[in-house]
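Below is target_17.txt, which holds compact mmCIF, C-alpha atoms (C1' of nucleotides).
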# COMPACT_ATOMS: atom_id res chain seq x y z
CA MET A 1 -0.24 117.29 20.75
CA ALA A 2 2.34 119.22 22.64
CA LEU A 3 4.89 120.97 20.45
CA ARG A 4 2.12 122.87 18.69
CA HIS A 5 1.20 124.75 21.86
CA ALA A 6 4.81 125.57 22.57
CA VAL A 7 5.10 127.08 19.10
CA LEU A 8 1.90 129.05 19.53
CA ALA A 9 3.11 130.35 22.91
CA ALA A 10 6.44 131.38 21.39
CA LEU A 11 4.73 133.29 18.57
CA LEU A 12 2.36 135.18 20.86
CA ASP A 13 4.65 138.08 21.63
CA GLU A 14 6.32 138.54 18.26
CA GLU A 15 6.20 137.48 14.64
CA LEU A 16 9.01 135.03 13.93
CA SER A 17 10.32 133.12 10.94
CA GLY A 18 10.97 129.40 11.10
CA TYR A 19 14.66 130.10 11.36
CA GLN A 20 14.22 132.57 14.21
CA LEU A 21 12.06 129.99 15.99
CA THR A 22 14.79 127.38 15.73
CA LYS A 23 17.16 129.84 17.42
CA ALA A 24 14.63 130.60 20.14
CA PHE A 25 14.07 126.89 20.79
CA ASP A 26 17.81 126.45 21.22
CA LEU A 27 18.19 129.23 23.77
CA GLY A 28 15.62 131.23 25.67
CA VAL A 29 12.48 129.42 24.67
CA ALA A 30 14.14 126.12 25.49
CA ASN A 31 13.32 127.04 29.09
CA PHE A 32 9.93 125.53 28.54
CA TRP A 33 10.29 123.28 25.51
CA HIS A 34 12.98 121.95 23.23
CA ALA A 35 12.73 120.96 19.57
CA ARG A 36 14.88 120.49 16.47
CA PRO A 37 14.60 122.69 13.41
CA GLN A 38 13.05 119.90 11.31
CA GLN A 39 10.30 119.46 13.85
CA LEU A 40 9.59 123.18 13.95
CA TYR A 41 9.34 123.61 10.17
CA ALA A 42 6.99 120.62 10.02
CA GLU A 43 4.87 121.97 12.85
CA LEU A 44 4.68 125.45 11.29
CA THR A 45 3.40 123.89 8.07
CA ARG A 46 0.74 121.95 9.95
CA LEU A 47 -0.32 124.90 12.11
CA GLU A 48 -0.71 127.12 9.07
CA LYS A 49 -2.73 124.47 7.24
CA GLU A 50 -5.05 124.29 10.26
CA GLY A 51 -5.36 128.08 10.42
CA LEU A 52 -3.87 128.45 13.91
CA ILE A 53 -1.05 130.62 12.59
CA ALA A 54 -0.76 132.82 9.51
CA GLY A 55 2.46 133.41 7.59
CA ARG A 56 3.46 136.30 5.36
CA GLU A 57 6.42 136.42 2.98
CA VAL A 58 9.07 139.04 3.61
CA VAL A 59 11.38 139.59 0.67
CA GLN A 60 14.84 140.73 1.72
CA ASP A 61 17.40 142.16 -0.70
CA THR A 62 20.50 140.81 0.99
CA ARG A 63 19.07 137.62 2.61
CA PRO A 64 16.84 134.85 1.26
CA THR A 65 13.10 135.47 1.44
CA LYS A 66 11.59 134.37 4.72
CA ARG A 67 8.13 133.77 6.11
CA LEU A 68 7.03 135.46 9.33
CA PHE A 69 4.29 133.76 11.36
CA ARG A 70 1.76 135.18 13.77
CA VAL A 71 -0.92 133.49 15.88
CA THR A 72 -4.47 133.80 14.51
CA ASP A 73 -7.59 134.19 16.64
CA ALA A 74 -8.21 130.48 16.20
CA GLY A 75 -4.67 129.84 17.46
CA ALA A 76 -5.20 132.02 20.51
CA ALA A 77 -8.46 130.20 21.22
CA GLU A 78 -6.67 126.86 20.97
CA LEU A 79 -4.08 128.02 23.51
CA GLU A 80 -6.85 129.20 25.81
CA ARG A 81 -8.55 125.82 25.54
CA PHE A 82 -5.23 124.08 26.21
CA THR A 83 -4.62 126.14 29.35
CA ALA A 84 -8.00 125.17 30.72
CA THR A 85 -7.27 121.42 30.52
CA ALA A 86 -5.49 119.43 33.24
CA THR A 87 -1.70 119.42 32.93
CA LYS A 88 0.36 116.25 32.68
CA PRO A 89 3.09 115.97 35.29
CA SER A 90 6.60 116.36 33.95
CA PHE A 91 9.27 113.86 34.85
CA ILE A 92 13.01 114.11 34.78
CA ARG A 93 14.43 111.88 32.06
CA ASP A 94 18.16 112.30 32.16
CA ASP A 95 21.02 110.06 31.04
CA LEU A 96 23.24 111.60 33.71
CA LEU A 97 20.94 110.51 36.52
CA VAL A 98 20.92 106.98 35.11
CA LYS A 99 24.70 107.00 35.29
CA VAL A 100 24.68 108.28 38.87
CA GLN A 101 22.10 105.66 39.85
CA ALA A 102 24.74 103.11 38.87
CA ALA A 103 27.46 105.00 40.76
CA ASP A 104 28.32 102.13 43.09
CA HIS A 105 28.96 99.78 40.17
CA VAL A 106 30.84 101.89 37.63
CA ASP A 107 34.14 103.78 37.41
CA SER A 108 33.98 106.84 39.71
CA ARG A 109 36.44 108.95 37.78
CA ALA A 110 34.44 108.71 34.58
CA LEU A 111 31.32 109.66 36.50
CA VAL A 112 32.95 112.66 38.14
CA THR A 113 33.99 113.82 34.65
CA ARG A 114 30.39 113.59 33.44
CA LEU A 115 29.18 115.55 36.48
CA ALA A 116 31.77 118.28 35.87
CA GLU A 117 30.75 118.54 32.21
CA ARG A 118 27.11 118.94 33.15
CA ALA A 119 27.89 121.47 35.88
CA ALA A 120 29.74 123.60 33.33
CA PHE A 121 26.86 123.35 30.86
CA ALA A 122 24.41 124.35 33.60
CA GLN A 123 26.57 127.31 34.60
CA ALA A 124 26.63 128.59 31.03
CA ARG A 125 22.85 128.49 30.93
CA ILE A 126 22.60 130.15 34.34
CA ASP A 127 24.65 133.04 32.98
CA LEU A 128 22.55 133.23 29.83
CA PHE A 129 19.24 133.16 31.68
CA GLY A 130 20.48 135.79 34.10
CA GLU A 131 21.18 138.10 31.18
CA LEU A 132 17.83 137.37 29.53
CA LEU A 133 16.01 138.18 32.77
CA ARG A 134 17.92 141.43 33.21
CA ALA A 135 17.13 142.42 29.62
CA MET A 136 13.42 141.66 30.09
CA ARG A 137 12.97 143.61 33.31
CA GLY A 138 15.17 146.53 32.24
CA ASP A 139 15.93 148.87 35.12
CA ARG A 140 13.00 147.75 37.26
CA ASP A 141 13.62 145.29 40.08
CA GLU A 142 11.96 141.89 39.92
CA GLU A 143 9.04 142.56 42.28
CA GLU A 144 8.24 145.77 40.47
CA PHE A 145 8.47 144.12 37.05
CA LEU A 146 6.28 141.16 37.98
CA ARG A 147 3.67 143.55 39.35
CA HIS A 148 3.51 146.07 36.54
CA GLY A 149 5.38 144.76 33.49
CA GLU A 150 3.53 143.58 30.43
CA ARG A 151 4.51 140.10 29.21
CA VAL A 152 5.54 138.43 32.44
CA GLY A 153 4.96 134.96 30.96
CA PRO A 154 8.38 134.68 29.32
CA TYR A 155 9.97 136.12 32.46
CA LEU A 156 8.33 133.50 34.68
CA THR A 157 9.35 130.58 32.45
CA CYS A 158 12.88 131.93 32.31
CA LEU A 159 12.91 132.01 36.12
CA ARG A 160 12.03 128.32 36.13
CA GLY A 161 14.76 127.58 33.62
CA LEU A 162 17.24 129.44 35.80
CA ALA A 163 16.24 127.57 38.96
CA PHE A 164 16.36 124.25 37.11
CA GLU A 165 19.92 124.84 35.95
CA GLN A 166 20.98 126.07 39.37
CA GLY A 167 19.56 122.84 40.75
CA ASN A 168 21.53 120.88 38.18
CA ARG A 169 24.76 122.67 38.93
CA ASP A 170 24.45 122.42 42.70
CA TRP A 171 23.53 118.75 42.58
CA CYS A 172 26.35 117.93 40.17
CA GLU A 173 28.86 119.58 42.46
CA ARG A 174 27.52 117.85 45.52
CA ALA A 175 27.41 114.44 43.88
CA ALA A 176 30.92 114.86 42.43
CA ALA A 177 32.27 115.92 45.83
CA ALA A 178 30.70 112.88 47.51
CA LEU A 179 32.10 110.50 44.88
CA ARG A 180 35.56 112.05 45.04
CA GLU A 181 35.66 111.76 48.78
CA ARG A 182 34.66 108.11 48.66
CA ALA A 183 37.28 107.43 46.00
CA ALA A 184 39.93 109.09 48.15
CA ALA A 185 38.88 107.03 51.18
CA CYS A 186 39.19 103.76 49.29
CA THR A 187 42.21 104.70 47.19
CA GLY A 188 40.71 103.51 43.95
CA ARG A 189 37.21 102.78 42.62
CA MET B 1 19.10 103.68 23.40
CA ALA B 2 18.16 105.14 26.71
CA LEU B 3 15.55 103.21 28.62
CA ARG B 4 17.72 100.10 28.53
CA HIS B 5 20.38 101.71 30.70
CA ALA B 6 17.79 102.97 33.15
CA VAL B 7 16.49 99.41 33.51
CA LEU B 8 19.99 98.04 33.96
CA ALA B 9 20.74 100.67 36.62
CA ALA B 10 17.51 99.85 38.44
CA LEU B 11 18.32 96.13 38.49
CA LEU B 12 21.87 96.58 39.79
CA ASP B 13 21.02 96.60 43.46
CA GLU B 14 18.28 94.00 43.57
CA GLU B 15 16.55 91.32 41.52
CA LEU B 16 13.15 92.57 40.41
CA SER B 17 10.22 91.24 38.43
CA GLY B 18 8.69 93.19 35.57
CA TYR B 19 5.80 94.12 37.81
CA GLN B 20 8.09 95.34 40.60
CA LEU B 21 9.99 97.39 38.03
CA THR B 22 6.79 99.08 36.88
CA LYS B 23 6.15 100.09 40.50
CA ALA B 24 9.69 101.39 40.89
CA PHE B 25 9.42 103.43 37.68
CA ASP B 26 6.25 105.00 39.03
CA LEU B 27 7.79 106.07 42.32
CA GLY B 28 11.36 106.11 43.51
CA VAL B 29 13.14 105.20 40.33
CA ALA B 30 11.13 107.81 38.48
CA ASN B 31 13.64 110.24 40.00
CA PHE B 32 15.90 109.47 37.11
CA TRP B 33 13.66 107.99 34.44
CA HIS B 34 10.02 107.37 33.73
CA ALA B 35 8.40 104.62 31.70
CA ARG B 36 5.10 102.80 31.26
CA PRO B 37 4.66 99.11 32.11
CA GLN B 38 4.33 98.13 28.43
CA GLN B 39 7.66 99.73 27.65
CA LEU B 40 9.35 97.97 30.55
CA TYR B 41 8.09 94.49 29.66
CA ALA B 42 9.20 95.00 26.08
CA GLU B 43 12.63 96.26 27.17
CA LEU B 44 13.10 93.35 29.59
CA THR B 45 12.40 90.92 26.75
CA ARG B 46 14.95 92.64 24.52
CA LEU B 47 17.61 92.92 27.24
CA GLU B 48 17.27 89.22 28.07
CA LYS B 49 17.53 88.26 24.39
CA GLU B 50 20.75 90.28 24.16
CA GLY B 51 22.13 88.67 27.31
CA LEU B 52 22.41 91.90 29.31
CA ILE B 53 20.05 90.59 31.97
CA ALA B 54 19.09 87.09 33.05
CA GLY B 55 15.67 86.06 34.33
CA ARG B 56 14.66 83.16 36.54
CA GLU B 57 11.16 81.88 37.18
CA VAL B 58 9.85 82.01 40.72
CA VAL B 59 6.77 79.88 41.28
CA GLN B 60 4.52 81.24 44.03
CA ASP B 61 1.69 79.25 45.57
CA THR B 62 -0.66 82.14 46.24
CA ARG B 63 0.35 84.53 43.42
CA PRO B 64 0.98 83.98 39.69
CA THR B 65 4.46 82.84 38.72
CA LYS B 66 6.82 85.73 38.13
CA ARG B 67 10.26 86.19 36.58
CA LEU B 68 13.03 87.92 38.52
CA PHE B 69 15.77 89.63 36.54
CA ARG B 70 19.39 90.36 37.40
CA VAL B 71 22.12 92.17 35.46
CA THR B 72 24.67 89.88 33.79
CA ASP B 73 28.39 90.65 33.45
CA ALA B 74 27.69 91.76 29.88
CA GLY B 75 24.99 94.08 31.22
CA ALA B 76 27.35 95.58 33.78
CA ALA B 77 29.96 96.09 31.05
CA GLU B 78 27.39 97.84 28.89
CA LEU B 79 26.54 100.22 31.75
CA GLU B 80 30.23 100.87 32.28
CA ARG B 81 30.64 101.69 28.60
CA PHE B 82 27.58 103.95 28.70
CA THR B 83 28.95 105.88 31.67
CA ALA B 84 32.18 106.53 29.82
CA THR B 85 30.42 108.23 26.88
CA ALA B 86 29.50 111.92 26.76
CA THR B 87 26.10 112.72 28.28
CA LYS B 88 23.34 114.47 26.37
CA PRO B 89 22.02 117.58 28.07
CA SER B 90 18.53 117.24 29.48
CA PHE B 91 15.91 119.87 28.76
CA ILE B 92 12.72 120.71 30.54
CA ARG B 93 9.71 119.78 28.42
CA ASP B 94 6.67 120.73 30.39
CA ASP B 95 3.11 121.54 29.35
CA LEU B 96 2.75 123.75 32.41
CA LEU B 97 5.63 125.99 31.36
CA VAL B 98 4.07 126.35 27.92
CA LYS B 99 0.89 127.54 29.59
CA VAL B 100 2.77 130.03 31.75
CA GLN B 101 4.69 131.30 28.72
CA ALA B 102 1.29 132.32 27.36
CA ALA B 103 0.28 133.87 30.70
CA ASP B 104 -0.26 137.37 29.31
CA HIS B 105 -2.71 136.09 26.69
CA VAL B 106 -4.83 133.51 28.53
CA ASP B 107 -7.22 133.41 31.47
CA SER B 108 -5.26 133.97 34.70
CA ARG B 109 -7.62 132.10 36.97
CA ALA B 110 -7.33 128.89 34.94
CA LEU B 111 -3.55 129.24 35.01
CA VAL B 112 -3.44 129.78 38.77
CA THR B 113 -5.49 126.59 39.16
CA ARG B 114 -2.96 124.66 37.05
CA LEU B 115 -0.10 126.04 39.14
CA ALA B 116 -1.81 125.05 42.38
CA GLU B 117 -2.42 121.52 41.06
CA ARG B 118 1.24 121.14 40.15
CA ALA B 119 2.41 122.56 43.47
CA ALA B 120 0.32 119.95 45.30
CA PHE B 121 1.69 117.16 43.11
CA ALA B 122 5.23 118.37 43.76
CA GLN B 123 4.62 118.53 47.51
CA ALA B 124 3.40 114.93 47.54
CA ARG B 125 6.60 113.84 45.82
CA ILE B 126 8.73 115.94 48.17
CA ASP B 127 7.18 114.09 51.11
CA LEU B 128 7.73 110.73 49.41
CA PHE B 129 11.33 111.42 48.51
CA GLY B 130 12.03 112.68 52.01
CA GLU B 131 10.83 109.36 53.40
CA LEU B 132 12.80 107.35 50.86
CA LEU B 133 15.98 109.24 51.75
CA ARG B 134 15.42 108.71 55.47
CA ALA B 135 14.86 105.00 54.90
CA MET B 136 18.04 104.71 52.81
CA ARG B 137 20.35 106.46 55.25
CA GLY B 138 18.82 104.88 58.38
CA ASP B 139 20.02 106.52 61.58
CA ARG B 140 23.14 108.04 60.01
CA ASP B 141 23.11 111.69 59.01
CA GLU B 142 23.53 112.60 55.36
CA GLU B 143 27.23 113.50 55.41
CA GLU B 144 28.06 110.31 57.24
CA PHE B 145 25.94 108.19 54.90
CA LEU B 146 27.40 109.69 51.73
CA ARG B 147 30.89 109.07 53.07
CA HIS B 148 30.56 105.51 54.29
CA GLY B 149 27.27 104.00 53.10
CA GLU B 150 27.24 101.39 50.35
CA ARG B 151 24.92 102.16 47.43
CA VAL B 152 24.93 105.94 47.43
CA GLY B 153 23.83 106.03 43.77
CA PRO B 154 20.12 105.71 44.48
CA TYR B 155 20.48 108.20 47.33
CA LEU B 156 22.11 110.80 45.08
CA THR B 157 19.48 110.46 42.36
CA CYS B 158 16.75 110.73 44.95
CA LEU B 159 18.36 113.96 46.20
CA ARG B 160 18.09 115.33 42.66
CA GLY B 161 14.46 114.29 42.42
CA LEU B 162 13.77 116.01 45.74
CA ALA B 163 15.45 119.26 44.68
CA PHE B 164 13.64 119.18 41.33
CA GLU B 165 10.24 118.91 42.99
CA GLN B 166 11.11 121.59 45.53
CA GLY B 167 12.04 123.80 42.59
CA ASN B 168 8.71 123.00 40.95
CA ARG B 169 6.72 123.77 44.09
CA ASP B 170 8.53 127.01 44.88
CA TRP B 171 8.26 128.27 41.33
CA CYS B 172 4.56 127.36 41.08
CA GLU B 173 3.84 129.28 44.26
CA ARG B 174 5.80 132.29 43.15
CA ALA B 175 4.25 132.36 39.68
CA ALA B 176 0.74 131.92 41.09
CA ALA B 177 1.31 134.73 43.59
CA ALA B 178 2.53 137.06 40.85
CA LEU B 179 -0.44 136.27 38.61
CA ARG B 180 -2.94 136.67 41.44
CA GLU B 181 -1.51 140.04 42.36
CA ARG B 182 -1.69 141.27 38.79
CA ALA B 183 -5.27 140.01 38.48
CA ALA B 184 -6.19 141.87 41.69
CA ALA B 185 -4.56 145.05 40.40
CA CYS B 186 -6.54 144.94 37.15
CA THR B 187 -9.79 143.64 38.69
CA GLY B 188 -10.48 141.15 35.94
CA ARG B 189 -8.44 139.66 33.11
C1' DT C 1 38.56 130.59 -0.32
C1' DA C 2 36.78 128.50 3.68
C1' DG C 3 33.62 128.52 7.32
C1' DA C 4 29.63 130.51 9.70
C1' DT C 5 24.92 132.18 9.27
C1' DC C 6 20.42 132.67 6.97
C1' DA C 7 16.66 129.94 5.26
C1' DT C 8 14.00 125.70 4.54
C1' DG C 9 12.99 121.35 4.10
C1' DT C 10 12.56 115.40 3.15
C1' DA C 11 12.98 110.52 4.70
C1' DA C 12 13.89 106.87 7.71
C1' DA C 13 14.42 105.22 12.19
C1' DC C 14 13.62 105.26 16.94
C1' DG C 15 11.33 105.98 21.35
C1' DG C 16 7.14 106.70 24.01
C1' DT C 17 2.02 106.84 24.72
C1' DT C 18 -2.65 105.12 24.38
C1' DA C 19 -5.83 101.62 23.91
C1' DC C 20 -6.83 97.02 24.55
C1' DA C 21 -6.46 92.13 26.47
C1' DT C 22 -6.19 88.32 29.96
C1' DG C 23 -6.60 85.98 34.17
C1' DA C 24 -5.75 84.88 39.01
C1' DT C 25 -5.87 86.43 44.00
C1' DT C 26 -6.79 89.33 47.96
C1' DA C 27 -9.18 92.87 50.43
C1' DT C 28 -13.66 95.51 51.32
C1' DA D 1 -20.19 90.95 44.64
C1' DT D 2 -16.75 94.59 43.54
C1' DA D 3 -12.61 96.73 43.40
C1' DA D 4 -7.73 96.67 43.93
C1' DT D 5 -3.44 94.20 43.29
C1' DC D 6 -0.37 90.81 41.13
C1' DA D 7 1.45 89.55 36.67
C1' DT D 8 2.22 90.02 31.72
C1' DG D 9 1.77 91.34 27.44
C1' DT D 10 0.08 93.06 21.89
C1' DA D 11 -1.00 96.60 18.41
C1' DA D 12 -1.52 101.03 16.57
C1' DC D 13 -0.30 105.53 16.78
C1' DC D 14 2.16 109.70 17.66
C1' DG D 15 6.19 112.49 18.71
C1' DT D 16 11.23 112.98 18.48
C1' DT D 17 15.79 112.26 16.67
C1' DT D 18 19.21 111.41 13.12
C1' DA D 19 20.80 111.68 8.63
C1' DC D 20 20.68 113.93 4.47
C1' DA D 21 19.84 117.88 1.10
C1' DT D 22 20.07 122.62 -1.02
C1' DG D 23 21.62 127.13 -1.91
C1' DA D 24 22.60 131.95 -0.97
C1' DT D 25 25.19 135.53 1.62
C1' DC D 26 28.31 137.36 5.05
C1' DT D 27 32.77 137.20 7.76
C1' DA D 28 37.68 136.04 8.59
Could I get this file's structure written as structure tokens?
Amino acid sequence: MALRHAVLAALLDEELSGYQLTKAFDLGVANFWHARPQQLYAELTRLEKEGLIAGREVVQDTRPTKRLFRVTDAGAAELERFTATATKPSFIRDDLLVKVQAADHVDSRALVTRLAERAAFAQARIDLFGELLRAMRGDRDEEEFLRHGERVGPYLTCLRGLAFEQGNRDWCERAAAALRERAAACTGR
Amino acid sequence: MALRHAVLAALLDEELSGYQLTKAFDLGVANFWHARPQQLYAELTRLEKEGLIAGREVVQDTRPTKRLFRVTDAGAAELERFTATATKPSFIRDDLLVKVQAADHVDSRALVTRLAERAAFAQARIDLFGELLRAMRGDRDEEEFLRHGERVGPYLTCLRGLAFEQGNRDWCERAAAALRERAAACTGR
DNA sequence: TAGATCATGTAAACGGTTACATGATTAT
DNA sequence: ATAATCATGTAACCGTTTACATGATCTA
């Protein structure tokens, strides 16, 4: 039971439709969890059946009818209970690291390409998260916002997402530089 | 198909038994992947059946007989092929971040406790990874080792693991400080 | 008129976790 | 004696991904 709490947390601050949720879980919300649309629609159905969220139909004239979901009191209580329990550690599980682990036994050039691709991906997310943070804190500076803003939760998780991607980018660049230098020294491999 | 490559990468540098692998996937190797013993034994069986690894029995007088596995040429080729393919992005998926996302709606003191627990866990891993890195590079400094050492793959992945846990620790401390300050300001919540 | 976006799913396959099982040896 | 470590699994369950499906509206 894990995705359910992520969905509840995402719905705390605003009513969202399934479709809007899928967008959030692709971008900003993905700072703290990641899920496919199919998973989200299934989870929304389950959560509603269990009374942790409540949906209401919104008929639109130009767009298809959608259902907006909000967290019920029971849902809020479930999140509270979840927060009180011990937290599982989170481990990195990353194809790219597997490839780098094998660095001394595989083609360096291919590996450097993979590292460059990931660095670019990380940079794009760094830019995105930077913008999201700026939008959340408005004209206040960070200290000020964290002290007096309402809804600092999403801001804090976005900060972690930002630092994670900066870590990815920096490490990719360092690893690629090391591998390139070794390749140059050996003229090949 | 993901764990298989992690196992292959782990077996590249040394012959290991299933049991030794489970230890590695709990500690050092967990820098780049994480798996339970049951998963590893099952994967080893499959990999051997497919000819990507080869096992040999080692009879011990004091301990139960074990099987040591090494990567075959076919296994090395499979890793090479894997490295050449595009890499999936890796996303954070962390119960703790879900809890912090809900920070403005749940009990702050419970949350601060969770953050402190995670910070301590991260610090323990930082210490461990620091030692592993020192052991790998010996008396050389990092630049020197990355340039001329053999087997820099495991060193590079360990560097990523270290940075990841430093990021965890720093963020936990920052988030906890912010939440504590807000709690103090409101006297309650 | 073709492609992106809004809106929501089903079904099958795969990967990972939890619970359980066994039995010997070594250290406290 | 008891607990930890070495050594290896099976079975059931749960969570995630991939593939497929539908249909409207808006944008180039």
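Residue list for chain C within 12 Å of chain A: DT5, DC6, DA7, DT8, DG9, DT10, DA11 and DT17 of chain C, counting only C-alpha atoms (C1' of nucleotides).
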Quiz item: Between A:Ile53, A:Val59, A:Leu16, A:Val71, which one has atoms that come closest to chain B, using only C-alpha atoms?
Solution: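 Closest to chain B, using only C-alpha atoms: A:Val71.
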Quiz item: Can you tell me, as a PyMOL selection string, what residues are no more than 10 Å from Val152 (chain B) when counting only C-alpha atoms (C1' of nucleotides), ignoring any on the same chain fewer than 5 positions away?
Solution: (chain A and resi 100-104+175+178-179) or (chain B and resi 136-137+145-147+157-158)
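Our summary of the geometry notes that CA of Phe25 (chain B) is positioned 14.9 Å from CA of Asp95 (chain A).
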Quiz item: Which distance in Å separates CA of Ile126 (chain A) and CA of Arg70 (chain A), to one decimal?
Solution: 29.7 Å
